[in-house]
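See structure below.
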Amino acid sequence: MGKEEKMRKIHSLSRIALGAAILGAGFMNANAADETIRQLAKERGRFIGTILNSEWFNDDIEPEFQEIHKTQFNVVVAENEMKFDATEPKEDEFNFEKGDKMIKYAQANGLRVRGHALAWHSQVANWVNNYSGQKEKLLAVLKNHITKVVSHWKGKIAEWDVVNEAVNDDYNADWRSTNSVWYEGIGAEFLDSAFVWAHKADPDAELCYNDYSLEWGLREGSKASFVVEQVKRWKANGIPITCVGTQTHIEIAHETTPQNVRALAKALAELNVTLNITELDIGFPKGSAGKLTEADYAKQGHLYRQFMDVFLEEPNMGEFVIWGLTDAHSWLDEQQGKTEGLLYDKQYKPKPAYDSVMASLKAHPASEVKTPYSETVLNPPKDCGDESCGDSIIAIKPSAIANNISIHIAGRTLFITGVIAGKNAKVDVFDMQGRPIFSTKCEKGRADLSSITEGLYVVRVHDGSTSIVKKISIK
Ligand code: 9MR
């Protein structure tokens with residue numbers, strides 16, 4: 001099938017499915033219009049997202065992809081476009097074009113950006129191998145790369161995978177000592193230096209060590225135990241690591257992995273380090289394609305739900321990133337003996353896994369979920385460049401009384417009276433620059449604003465047809 005024909009076919013299938021996706025996903029009743037993963041994640045001070053597949057960067061993806069992506073998620077990662085070979089294809093000649101495209105998209109849609117990945121043995125540009133074994137030169141190359149890439153996106157990339165997959169796959173985990181131009185030429189100090197250089201280039205960015213198979217638990221000799229030991233050493237030596245990423249590419253049979261991730265989060269909490277799920281997919285064996293039953297999809301949903309439960313319950317977890325959005329575009333089919341590991345099927349229809357993620361979010365009310373992030377991280381000032389910031393910044397034109405509706409605040413409770421009060425209206429709180437800070441529902445004429453810090457705000461209460469905007473002071 002030619003590319004155009006393939007696109008046409010997917011479009012016609014997915015046009016119907018997109019409606020179902022959005023309707024099925026959030027519009028359970030008229031007032032649930034905002035019940036996207038994105039909205040529930042934001043209310044909980046967490047970031048949930050997926051990669052932008054390489055096809056997105058090449059304008060070779062169905063329009064449904066971006067529509068769902070920006071509606072449903074609030075963090076984004078480039079599948080390949082911020083890696084070494086993409087950003088420095090020739091020595092000291094940088095190419096930021098595709099990465100910039102994603103940053104623009106993220107800023108226009110209020111998405112947090114994870115940067116992936118600075119020091120990794122894979123997807124290194126070929127020219128680096130000319131310096132194999134030359135320690136001083138390789139240190140200079142890596143320093144230059146990290147400094148220029150992180151500086152280019154300073155303040156725009158919230159978090160970097162500074163070192164990726166540096167641990168080997170042996171039973172007794174240790175550093176990956178073969179097939180790594182960095183380790184073989186420099187030794188383990190490349191890791192420490194990478195964090196120091198990244199921190200110097202952007203002191204506000206979160207800096208992660210990221211790896212796979214960490215979800216196999218904290219047994220003696222396991223990768224997870226080895227990484228925890230290294231984090232201890234890094235913290236003791238003042239190396240500026242702030243987070244660990246567990247990639248978590250698993251299979252449907254890996255039932256114990258969510259609880260292993262919980263144990264890892266707890267071990268890292270003791271070291272004051274955040275744990276993020278950075279590349280989750282839960283694949284079925286490829287041979288099962290076309291034979292999967294409702295029970296199989298339910299089982300996949302159950303595993304997604306367990307991961308989301310762990311994520312929301314552990315206070316030092318901040319990001320939950322799935323390595324793909326739709327089964328139509330996934331490295332599992334292309335490079336692994338696996339299939340159908342994501343939240344949306346090949347026609348962009350949400351799978352039971354999507355419902356499970358939503359169910360977990362709803363079962364963990366915002367008041368009970370802690371965030372590891374500060375208010376400025378959760379609601380960064382908008383820098384939209386030439387792009388429109390969408391409609392999220394409101395013009396502050398208070399309308400104290402409208403249609404016999406009034407609102408007033410007492411302590412941290414907002415009281416709403418009048419026609420809107422009984423309607424489960426939506427309550428949005430903005431800062432004085434009009435940036436959204438918080439959203440909730442008005443229930444029985446009141447809304448709880450206890451999670452908002454002291455200050456002056458603008459509150460908007462609306463039910464779709466009627467709205468009222470007023471300045472409030474939270475003390
Ligand atoms: O999804 C990425 C795929 O398109 C690339 O061909 C592959 C090359 O290494 O990398 C994939 O992404 C990997 C990520 O960068 C690091 N963890 C494992 C991911 C899946 O292989």
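By order in the structure tokens, chains are A, B, ...; within a chain, residues start at 1; ligands start at 1, following the order shown.
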
**OP:** Compute the set of protein, DNA and RNA residues whose minimum atom distance to ligand 1 is at most 10 Å, using only C-alpha atoms and all ligand atoms, and state it as a VMD selection string.
**Re:** chain A and resid 51 to 55 77 to 83 116 to 117 120 to 124 161 164 to 165 210 to 212 246 to 249 278 to 281 323 to 324 329 to 332 334 to 336

Would you kindly return, as a PDB file with N, CA and C atoms, in the first residue's frame, each protein, DNA or RNA residue with an atom no farther than 7 Å from any atom of A:Asp309, considering only C-alpha atoms and excluding same-chain residues fewer than 4 positions away?
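Result file is selection.pdb:
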ATOM      1  N   ARG A 305      -3.169   0.139  35.068  1.00  0.00           N
ATOM      2  CA  ARG A 305      -3.797   0.707  36.259  1.00  0.00           C
ATOM      3  C   ARG A 305      -2.863   0.592  37.474  1.00  0.00           C
ATOM      4  N   GLU A 313       0.473   7.184  44.051  1.00  0.00           N
ATOM      5  CA  GLU A 313       0.581   6.981  45.506  1.00  0.00           C
ATOM      6  C   GLU A 313       1.966   7.296  46.059  1.00  0.00           C
ATOM      7  N   SER A 360      -7.820   4.993  37.519  1.00  0.00           N
ATOM      8  CA  SER A 360      -6.840   5.173  38.591  1.00  0.00           C
ATOM      9  C   SER A 360      -6.757   6.639  38.998  1.00  0.00           C
TER      10      SER A 360
END

Original post:
Which residue gives the smallest distance to A:Leu40 among A:Val461, A:Met358, A:Ile452, A:Ile409, with only C-alpha atoms counted?
Top reply: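 Nearest candidate to A:Leu40 out of A:Val461, A:Met358, A:Ile452, A:Ile409: A:Met358.
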
Which residues of stretch 175-207 of chain A come within 7 Å of stretch 131-151 of chain A, and for each one, what is the closest pair of atoms and their distance in Å to one decimal, counting only C-alpha atoms, sorted by chain and residue number, as CSV?
residue,atom,partner,partner_atom,distance
A:Val181,CA,A:Ser132,CA,6.1
A:Glu184,CA,A:Gly133,CA,6.4
A:Gly185,CA,A:Gly133,CA,4.0
A:Ile186,CA,A:Lys135,CA,4.9
A:Trp197,CA,A:Thr147,CA,6.2
A:Ala198,CA,A:Ile146,CA,6.0
A:Ala201,CA,A:Ser151,CA,5.2
A:Asp202,CA,A:Ser151,CA,6.4

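For the pair atom CA of A:Trp216 and atom CA of A:Pro258, the separation is 9.3 Å.
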
Write out as a PDB file with N, CA, C and O atoms, in the first residue's frame each polymer residue whose atoms come within 10 Å of stretch 222-238 of chain A, counting only C-alpha atoms; drop sequence neighbours fewer than 6 positions from it.
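What follows is the written file around.pdb:
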ATOM      1  N   ALA A 166      23.524   3.100  31.023  1.00  0.00           N
ATOM      2  CA  ALA A 166      24.969   2.899  31.218  1.00  0.00           C
ATOM      3  C   ALA A 166      25.290   1.635  32.015  1.00  0.00           C
ATOM      4  O   ALA A 166      26.459   1.336  32.262  1.00  0.00           O
ATOM      5  N   VAL A 167      24.250   0.898  32.441  1.00  0.00           N
ATOM      6  CA  VAL A 167      24.493  -0.323  33.222  1.00  0.00           C
ATOM      7  C   VAL A 167      24.346  -1.531  32.300  1.00  0.00           C
ATOM      8  O   VAL A 167      23.492  -1.545  31.397  1.00  0.00           O
ATOM      9  N   ASN A 168      25.190  -2.544  32.529  1.00  0.00           N
ATOM     10  CA  ASN A 168      25.160  -3.727  31.644  1.00  0.00           C
ATOM     11  C   ASN A 168      23.990  -4.663  31.995  1.00  0.00           C
ATOM     12  O   ASN A 168      23.235  -4.412  32.939  1.00  0.00           O
ATOM     13  N   ASP A 169      23.869  -5.725  31.229  1.00  0.00           N
ATOM     14  CA  ASP A 169      22.732  -6.637  31.425  1.00  0.00           C
ATOM     15  C   ASP A 169      23.144  -7.915  32.160  1.00  0.00           C
ATOM     16  O   ASP A 169      22.429  -8.908  32.135  1.00  0.00           O
ATOM     17  N   ASP A 170      24.306  -7.895  32.812  1.00  0.00           N
ATOM     18  CA  ASP A 170      24.771  -9.108  33.492  1.00  0.00           C
ATOM     19  C   ASP A 170      23.978  -9.333  34.779  1.00  0.00           C
ATOM     20  O   ASP A 170      23.361  -8.414  35.303  1.00  0.00           O
ATOM     21  N   TYR A 171      24.067 -10.550  35.265  1.00  0.00           N
ATOM     22  CA  TYR A 171      23.348 -10.847  36.508  1.00  0.00           C
ATOM     23  C   TYR A 171      23.863  -9.964  37.642  1.00  0.00           C
ATOM     24  O   TYR A 171      23.098  -9.430  38.429  1.00  0.00           O
ATOM     25  N   ASN A 172      25.205  -9.828  37.720  1.00  0.00           N
ATOM     26  CA  ASN A 172      25.759  -8.906  38.711  1.00  0.00           C
ATOM     27  C   ASN A 172      26.006  -7.567  38.047  1.00  0.00           C
ATOM     28  O   ASN A 172      27.045  -7.336  37.443  1.00  0.00           O
ATOM     29  N   ALA A 173      25.034  -6.687  38.172  1.00  0.00           N
ATOM     30  CA  ALA A 173      25.065  -5.437  37.409  1.00  0.00           C
ATOM     31  C   ALA A 173      26.316  -4.622  37.711  1.00  0.00           C
ATOM     32  O   ALA A 173      26.792  -4.557  38.846  1.00  0.00           O
ATOM     33  N   ASP A 174      26.821  -4.011  36.678  1.00  0.00           N
ATOM     34  CA  ASP A 174      27.968  -3.110  36.765  1.00  0.00           C
ATOM     35  C   ASP A 174      27.856  -2.176  35.567  1.00  0.00           C
ATOM     36  O   ASP A 174      26.932  -2.324  34.765  1.00  0.00           O
ATOM     37  N   TRP A 175      28.780  -1.256  35.423  1.00  0.00           N
ATOM     38  CA  TRP A 175      28.712  -0.376  34.264  1.00  0.00           C
ATOM     39  C   TRP A 175      28.849  -1.168  32.966  1.00  0.00           C
ATOM     40  O   TRP A 175      29.559  -2.185  32.918  1.00  0.00           O
ATOM     41  N   LEU A 191      30.079   9.540  33.469  1.00  0.00           N
ATOM     42  CA  LEU A 191      28.724   9.760  34.010  1.00  0.00           C
ATOM     43  C   LEU A 191      28.707  10.960  34.950  1.00  0.00           C
ATOM     44  O   LEU A 191      27.866  11.851  34.818  1.00  0.00           O
ATOM     45  N   ASP A 192      29.649  10.974  35.888  1.00  0.00           N
ATOM     46  CA  ASP A 192      29.683  12.067  36.866  1.00  0.00           C
ATOM     47  C   ASP A 192      29.827  13.406  36.137  1.00  0.00           C
ATOM     48  O   ASP A 192      29.114  14.371  36.424  1.00  0.00           O
ATOM     49  N   PHE A 195      26.663  14.835  34.358  1.00  0.00           N
ATOM     50  CA  PHE A 195      25.711  15.541  35.235  1.00  0.00           C
ATOM     51  C   PHE A 195      26.217  16.948  35.576  1.00  0.00           C
ATOM     52  O   PHE A 195      25.453  17.912  35.588  1.00  0.00           O
ATOM     53  N   VAL A 196      27.508  17.058  35.827  1.00  0.00           N
ATOM     54  CA  VAL A 196      28.071  18.365  36.202  1.00  0.00           C
ATOM     55  C   VAL A 196      27.947  19.339  35.031  1.00  0.00           C
ATOM     56  O   VAL A 196      27.520  20.488  35.200  1.00  0.00           O
ATOM     57  N   TYR A 209      19.152   9.908  35.669  1.00  0.00           N
ATOM     58  CA  TYR A 209      19.773   8.700  35.139  1.00  0.00           C
ATOM     59  C   TYR A 209      18.622   7.804  34.678  1.00  0.00           C
ATOM     60  O   TYR A 209      17.692   7.536  35.452  1.00  0.00           O
ATOM     61  N   ASN A 210      18.675   7.318  33.430  1.00  0.00           N
ATOM     62  CA  ASN A 210      17.544   6.584  32.840  1.00  0.00           C
ATOM     63  C   ASN A 210      18.003   5.208  32.372  1.00  0.00           C
ATOM     64  O   ASN A 210      19.070   5.082  31.767  1.00  0.00           O
ATOM     65  N   ASP A 211      17.218   4.166  32.651  1.00  0.00           N
ATOM     66  CA  ASP A 211      17.642   2.831  32.198  1.00  0.00           C
ATOM     67  C   ASP A 211      16.453   1.881  32.090  1.00  0.00           C
ATOM     68  O   ASP A 211      15.370   2.164  32.606  1.00  0.00           O
ATOM     69  N   TYR A 212      16.694   0.754  31.399  1.00  0.00           N
ATOM     70  CA  TYR A 212      15.660  -0.282  31.305  1.00  0.00           C
ATOM     71  C   TYR A 212      15.936  -1.382  32.331  1.00  0.00           C
ATOM     72  O   TYR A 212      16.998  -1.404  32.957  1.00  0.00           O
ATOM     73  N   SER A 213      14.981  -2.244  32.519  1.00  0.00           N
ATOM     74  CA  SER A 213      15.063  -3.387  33.452  1.00  0.00           C
ATOM     75  C   SER A 213      15.163  -2.982  34.920  1.00  0.00           C
ATOM     76  O   SER A 213      15.413  -3.826  35.772  1.00  0.00           O
ATOM     77  N   LEU A 214      14.980  -1.692  35.221  1.00  0.00           N
ATOM     78  CA  LEU A 214      14.966  -1.297  36.637  1.00  0.00           C
ATOM     79  C   LEU A 214      13.718  -1.836  37.324  1.00  0.00           C
ATOM     80  O   LEU A 214      13.663  -1.938  38.544  1.00  0.00           O
ATOM     81  N   GLU A 215      12.716  -2.171  36.511  1.00  0.00           N
ATOM     82  CA  GLU A 215      11.454  -2.658  37.078  1.00  0.00           C
ATOM     83  C   GLU A 215      11.548  -4.113  37.540  1.00  0.00           C
ATOM     84  O   GLU A 215      10.566  -4.672  38.006  1.00  0.00           O
ATOM     85  N   TRP A 216      12.774  -4.688  37.438  1.00  0.00           N
ATOM     86  CA  TRP A 216      12.910  -6.073  37.879  1.00  0.00           C
ATOM     87  C   TRP A 216      13.240  -6.204  39.354  1.00  0.00           C
ATOM     88  O   TRP A 216      13.458  -7.306  39.855  1.00  0.00           O
ATOM     89  N   VAL A 244      15.635   9.591  38.715  1.00  0.00           N
ATOM     90  CA  VAL A 244      15.943   8.349  38.000  1.00  0.00           C
ATOM     91  C   VAL A 244      14.752   8.065  37.099  1.00  0.00           C
ATOM     92  O   VAL A 244      13.598   8.326  37.467  1.00  0.00           O
ATOM     93  N   THR A 246      12.821   5.060  35.116  1.00  0.00           N
ATOM     94  CA  THR A 246      12.693   3.629  34.828  1.00  0.00           C
ATOM     95  C   THR A 246      11.931   3.516  33.511  1.00  0.00           C
ATOM     96  O   THR A 246      10.772   3.929  33.406  1.00  0.00           O
ATOM     97  N   ASN A 260       7.558  -3.645  42.049  1.00  0.00           N
ATOM     98  CA  ASN A 260       9.009  -3.396  42.059  1.00  0.00           C
ATOM     99  C   ASN A 260       9.298  -1.913  41.846  1.00  0.00           C
ATOM    100  O   ASN A 260      10.235  -1.360  42.424  1.00  0.00           O
ATOM    101  N   VAL A 261       8.488  -1.283  41.002  1.00  0.00           N
ATOM    102  CA  VAL A 261       8.670   0.160  40.769  1.00  0.00           C
ATOM    103  C   VAL A 261       8.341   0.926  42.047  1.00  0.00           C
ATOM    104  O   VAL A 261       9.014   1.890  42.415  1.00  0.00           O
ATOM    105  N   ALA A 263       8.784  -0.151  45.083  1.00  0.00           N
ATOM    106  CA  ALA A 263       9.918  -0.330  46.007  1.00  0.00           C
ATOM    107  C   ALA A 263      11.087   0.572  45.598  1.00  0.00           C
ATOM    108  O   ALA A 263      11.763   1.168  46.455  1.00  0.00           O
ATOM    109  N   LEU A 264      11.304   0.698  44.307  1.00  0.00           N
ATOM    110  CA  LEU A 264      12.387   1.563  43.832  1.00  0.00           C
ATOM    111  C   LEU A 264      12.089   3.021  44.184  1.00  0.00           C
ATOM    112  O   LEU A 264      12.976   3.764  44.622  1.00  0.00           O
ATOM    113  N   ALA A 267      12.916   3.547  47.775  1.00  0.00           N
ATOM    114  CA  ALA A 267      14.367   3.588  48.033  1.00  0.00           C
ATOM    115  C   ALA A 267      14.941   4.939  47.597  1.00  0.00           C
ATOM    116  O   ALA A 267      15.799   5.514  48.285  1.00  0.00           O
ATOM    117  N   LEU A 268      14.445   5.461  46.480  1.00  0.00           N
ATOM    118  CA  LEU A 268      14.970   6.746  45.989  1.00  0.00           C
ATOM    119  C   LEU A 268      14.451   7.924  46.810  1.00  0.00           C
ATOM    120  O   LEU A 268      15.132   8.941  46.946  1.00  0.00           O
ATOM    121  N   GLU A 270      14.254   8.039  49.910  1.00  0.00           N
ATOM    122  CA  GLU A 270      15.200   8.195  51.028  1.00  0.00           C
ATOM    123  C   GLU A 270      16.403   9.030  50.621  1.00  0.00           C
ATOM    124  O   GLU A 270      17.090   9.602  51.455  1.00  0.00           O
ATOM    125  N   LEU A 271      16.677   9.050  49.323  1.00  0.00           N
ATOM    126  CA  LEU A 271      17.839   9.811  48.835  1.00  0.00           C
ATOM    127  C   LEU A 271      17.400  11.165  48.271  1.00  0.00           C
ATOM    128  O   LEU A 271      18.198  11.864  47.658  1.00  0.00           O
ATOM    129  N   ASN A 272      16.116  11.470  48.471  1.00  0.00           N
ATOM    130  CA  ASN A 272      15.585  12.742  47.984  1.00  0.00           C
ATOM    131  C   ASN A 272      15.669  12.863  46.463  1.00  0.00           C
ATOM    132  O   ASN A 272      15.994  13.909  45.911  1.00  0.00           O
ATOM    133  N   VAL A 273      15.409  11.765  45.796  1.00  0.00           N
ATOM    134  CA  VAL A 273      15.479  11.718  44.330  1.00  0.00           C
ATOM    135  C   VAL A 273      14.113  11.268  43.802  1.00  0.00           C
ATOM    136  O   VAL A 273      13.454  10.415  44.404  1.00  0.00           O
TER     137      VAL A 273
END

Original post:
To one decimal place, how far is atom CA of A:Tyr297 from atom CA of A:Leu342 in Å?
Top reply: 10.6 Å

Subject >> Expected answer as a VMD selection string: strand (DSSP E or B) residues in stretch 1-213 of chain A >> reply: chain A and resid 47 to 52 75 to 78 90 93 112 to 120 159 to 164 167 175 206 to 211

Original post:
Separation of atom CA of A:Ser473 and atom CA of A:Ala410, in Å?
Top reply: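 A separation of 9.7 Å between them.
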
**OP:** Determine which residues of stretch 152-350 of chain A DSSP labels as helix (DSSP H, G or I) from the backbone of this structure, then write them out as a PyMOL selection string.
**Re:** chain A and resi 152+181-186+189-201+214-216+223-236+257-269+286-288+294-313+331-335

**OP:** Tell me which protein, DNA and RNA residues are within 12 Å of A:Ser451, counting only C-alpha atoms, leaving out same-chain ones fewer than 4 positions away, and put them as a PyMOL selection string.
**Re:** chain A and resi 43-45+366-371+375+411-413+429+437-440+447+474-475

Go ahead and write the residues just picked, all heavy atoms, as a compact mmCIF listing (two decimals), in the first residue's frame.
# COMPACT_ATOMS: atom_id res chain seq x y z
N GLU A 43 -4.40 18.53 37.64
CA GLU A 43 -5.00 18.78 38.95
C GLU A 43 -4.23 18.08 40.07
O GLU A 43 -4.28 18.49 41.22
CB GLU A 43 -6.45 18.28 38.97
CG GLU A 43 -7.40 19.15 38.18
CD GLU A 43 -8.75 18.49 37.95
OE1 GLU A 43 -9.03 17.41 38.54
OE2 GLU A 43 -9.53 19.04 37.15
N ARG A 44 -3.52 17.01 39.72
CA ARG A 44 -2.78 16.24 40.72
C ARG A 44 -1.31 16.64 40.79
O ARG A 44 -0.51 15.99 41.47
CB ARG A 44 -2.94 14.74 40.42
CG ARG A 44 -4.32 14.24 40.83
CD ARG A 44 -4.78 13.05 40.01
NE ARG A 44 -6.15 12.69 40.39
CZ ARG A 44 -7.24 13.37 40.01
NH1 ARG A 44 -7.14 14.44 39.24
NH2 ARG A 44 -8.43 12.99 40.41
N GLY A 45 -0.93 17.67 40.05
CA GLY A 45 0.47 18.12 40.09
C GLY A 45 1.41 17.10 39.48
O GLY A 45 2.57 17.00 39.88
N ALA A 366 -7.30 14.66 43.77
CA ALA A 366 -6.19 15.62 43.79
C ALA A 366 -5.73 15.94 45.21
O ALA A 366 -4.54 16.11 45.46
CB ALA A 366 -6.62 16.89 43.07
N SER A 367 -6.68 15.97 46.12
CA SER A 367 -6.31 16.33 47.50
C SER A 367 -5.40 15.27 48.15
O SER A 367 -4.72 15.54 49.13
CB SER A 367 -7.59 16.48 48.34
OG SER A 367 -8.34 15.28 48.25
N GLU A 368 -5.38 14.07 47.58
CA GLU A 368 -4.56 13.01 48.20
C GLU A 368 -3.25 12.75 47.46
O GLU A 368 -2.41 12.00 47.93
CB GLU A 368 -5.36 11.70 48.24
CG GLU A 368 -6.43 11.74 49.30
CD GLU A 368 -7.41 10.58 49.18
OE1 GLU A 368 -7.06 9.56 48.54
OE2 GLU A 368 -8.53 10.72 49.70
N VAL A 369 -3.11 13.33 46.27
CA VAL A 369 -1.89 13.07 45.49
C VAL A 369 -0.90 14.20 45.74
O VAL A 369 -1.22 15.37 45.57
CB VAL A 369 -2.22 12.97 43.97
CG1 VAL A 369 -0.95 12.77 43.16
CG2 VAL A 369 -3.20 11.83 43.73
N LYS A 370 0.30 13.82 46.14
CA LYS A 370 1.33 14.85 46.40
C LYS A 370 2.10 15.10 45.11
O LYS A 370 2.21 14.21 44.27
CB LYS A 370 2.28 14.36 47.47
CG LYS A 370 1.59 14.14 48.80
CD LYS A 370 2.60 14.17 49.93
CE LYS A 370 1.91 14.15 51.28
NZ LYS A 370 1.14 12.93 51.52
N THR A 371 2.61 16.29 44.98
CA THR A 371 3.46 16.58 43.82
C THR A 371 4.89 16.82 44.28
O THR A 371 5.10 17.44 45.31
CB THR A 371 2.94 17.81 43.04
OG1 THR A 371 3.86 18.08 41.98
CG2 THR A 371 2.80 19.05 43.92
N GLU A 375 5.32 25.21 42.61
CA GLU A 375 4.26 25.89 41.85
C GLU A 375 4.77 26.41 40.51
O GLU A 375 4.10 26.31 39.48
CB GLU A 375 3.71 27.03 42.72
CG GLU A 375 2.49 27.73 42.17
CD GLU A 375 1.29 26.80 41.94
OE1 GLU A 375 1.12 25.80 42.67
OE2 GLU A 375 0.56 27.08 40.99
N GLY A 411 -12.15 31.71 53.76
CA GLY A 411 -11.03 30.79 53.99
C GLY A 411 -10.55 30.26 52.66
O GLY A 411 -10.21 31.04 51.77
N ARG A 412 -10.56 28.94 52.50
CA ARG A 412 -10.12 28.35 51.24
C ARG A 412 -11.29 27.75 50.47
O ARG A 412 -11.09 26.92 49.58
CB ARG A 412 -9.08 27.25 51.50
CG ARG A 412 -7.77 27.77 52.11
CD ARG A 412 -7.11 28.72 51.12
NE ARG A 412 -5.88 29.27 51.64
CZ ARG A 412 -4.67 28.77 51.44
NH1 ARG A 412 -4.55 27.68 50.72
NH2 ARG A 412 -3.60 29.34 51.93
N THR A 413 -12.50 28.14 50.85
CA THR A 413 -13.66 27.61 50.13
C THR A 413 -14.30 28.71 49.31
O THR A 413 -14.51 29.82 49.81
CB THR A 413 -14.69 27.01 51.11
OG1 THR A 413 -14.02 26.06 51.93
CG2 THR A 413 -15.83 26.32 50.37
N VAL A 429 -9.00 28.78 38.22
CA VAL A 429 -8.31 29.85 38.93
C VAL A 429 -7.09 30.26 38.10
O VAL A 429 -6.36 29.40 37.61
CB VAL A 429 -7.89 29.39 40.34
CG1 VAL A 429 -7.20 30.53 41.08
CG2 VAL A 429 -9.11 28.91 41.12
N ILE A 437 -3.95 28.31 36.89
CA ILE A 437 -3.25 27.78 38.07
C ILE A 437 -3.88 26.49 38.53
O ILE A 437 -3.22 25.55 38.93
CB ILE A 437 -3.35 28.81 39.24
CG1 ILE A 437 -2.66 30.10 38.88
CG2 ILE A 437 -2.87 28.25 40.55
CD1 ILE A 437 -1.16 30.00 38.89
N PHE A 438 -5.21 26.44 38.44
CA PHE A 438 -5.91 25.33 39.11
C PHE A 438 -7.32 25.24 38.54
O PHE A 438 -7.92 26.25 38.19
CB PHE A 438 -5.97 25.66 40.62
CG PHE A 438 -6.73 24.66 41.45
CD1 PHE A 438 -6.19 23.42 41.73
CD2 PHE A 438 -7.99 24.98 41.96
CE1 PHE A 438 -6.90 22.50 42.50
CE2 PHE A 438 -8.70 24.07 42.73
CZ PHE A 438 -8.14 22.82 43.00
N SER A 439 -7.83 24.02 38.44
CA SER A 439 -9.22 23.84 38.01
C SER A 439 -9.89 22.81 38.89
O SER A 439 -9.26 21.85 39.33
CB SER A 439 -9.26 23.30 36.57
OG SER A 439 -8.81 24.29 35.69
N THR A 440 -11.17 23.02 39.11
CA THR A 440 -11.92 22.02 39.88
C THR A 440 -13.40 22.16 39.50
O THR A 440 -13.74 22.91 38.61
CB THR A 440 -11.68 22.20 41.40
OG1 THR A 440 -12.33 21.14 42.09
CG2 THR A 440 -12.20 23.53 41.93
N ALA A 447 -16.51 25.16 46.09
CA ALA A 447 -15.32 24.56 45.50
C ALA A 447 -14.16 24.70 46.48
O ALA A 447 -14.00 25.75 47.11
CB ALA A 447 -14.97 25.26 44.19
N ILE A 474 -6.60 34.89 48.36
CA ILE A 474 -6.53 33.70 49.21
C ILE A 474 -5.52 33.96 50.31
O ILE A 474 -4.38 34.34 50.06
CB ILE A 474 -6.16 32.45 48.37
CG1 ILE A 474 -7.28 32.21 47.37
CG2 ILE A 474 -5.91 31.24 49.25
CD1 ILE A 474 -7.24 30.90 46.68
N LYS A 475 -6.00 33.79 51.55
CA LYS A 475 -5.11 34.12 52.70
C LYS A 475 -4.79 32.86 53.45
O LYS A 475 -5.54 31.91 53.43
CB LYS A 475 -5.83 35.11 53.61
CG LYS A 475 -6.04 36.44 52.91
CD LYS A 475 -6.79 37.42 53.81
CE LYS A 475 -7.14 38.64 53.03
NZ LYS A 475 -8.48 39.13 53.27

**OP:** Using only C-alpha atoms, determine which residues lie at most 8 Å from A:Ile472, disregarding the query and same-chain residues fewer than 4 positions distant; provide the list as an MDAnalysis selection string.
**Re:** chainID A and resid 408:409 456:459

Subject >> Distance criterion (only C-alpha atoms): nearest to A:Val113 out of A:Tyr183, A:Phe65, A:Phe47, A:Trp56 >> reply: A:Phe47

**OP:** Determine the nearest neighbour of A:Gln306 from the options A:Asn276, A:Gln107, A:Thr257, A:Thr87, counting only C-alpha atoms.
**Re:** A:Thr257

Original post:
Which of these residues is nearest to A:Leu414, using only C-alpha atoms: A:His364, A:Lys349, A:Lys470, A:Arg435?
Top reply: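 Closest residue, counting only C-alpha atoms: A:Lys470.
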
**OP:** Quick one: everything within 9 Å of A:Glu91, counting only C-alpha atoms, minus sequence neighbours fewer than 6 positions away in the same chain. Send it as a list of chain:residue names.
**Re:**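 Here the answer would be A:Ala125, A:Trp127, A:Val128, A:Val141.
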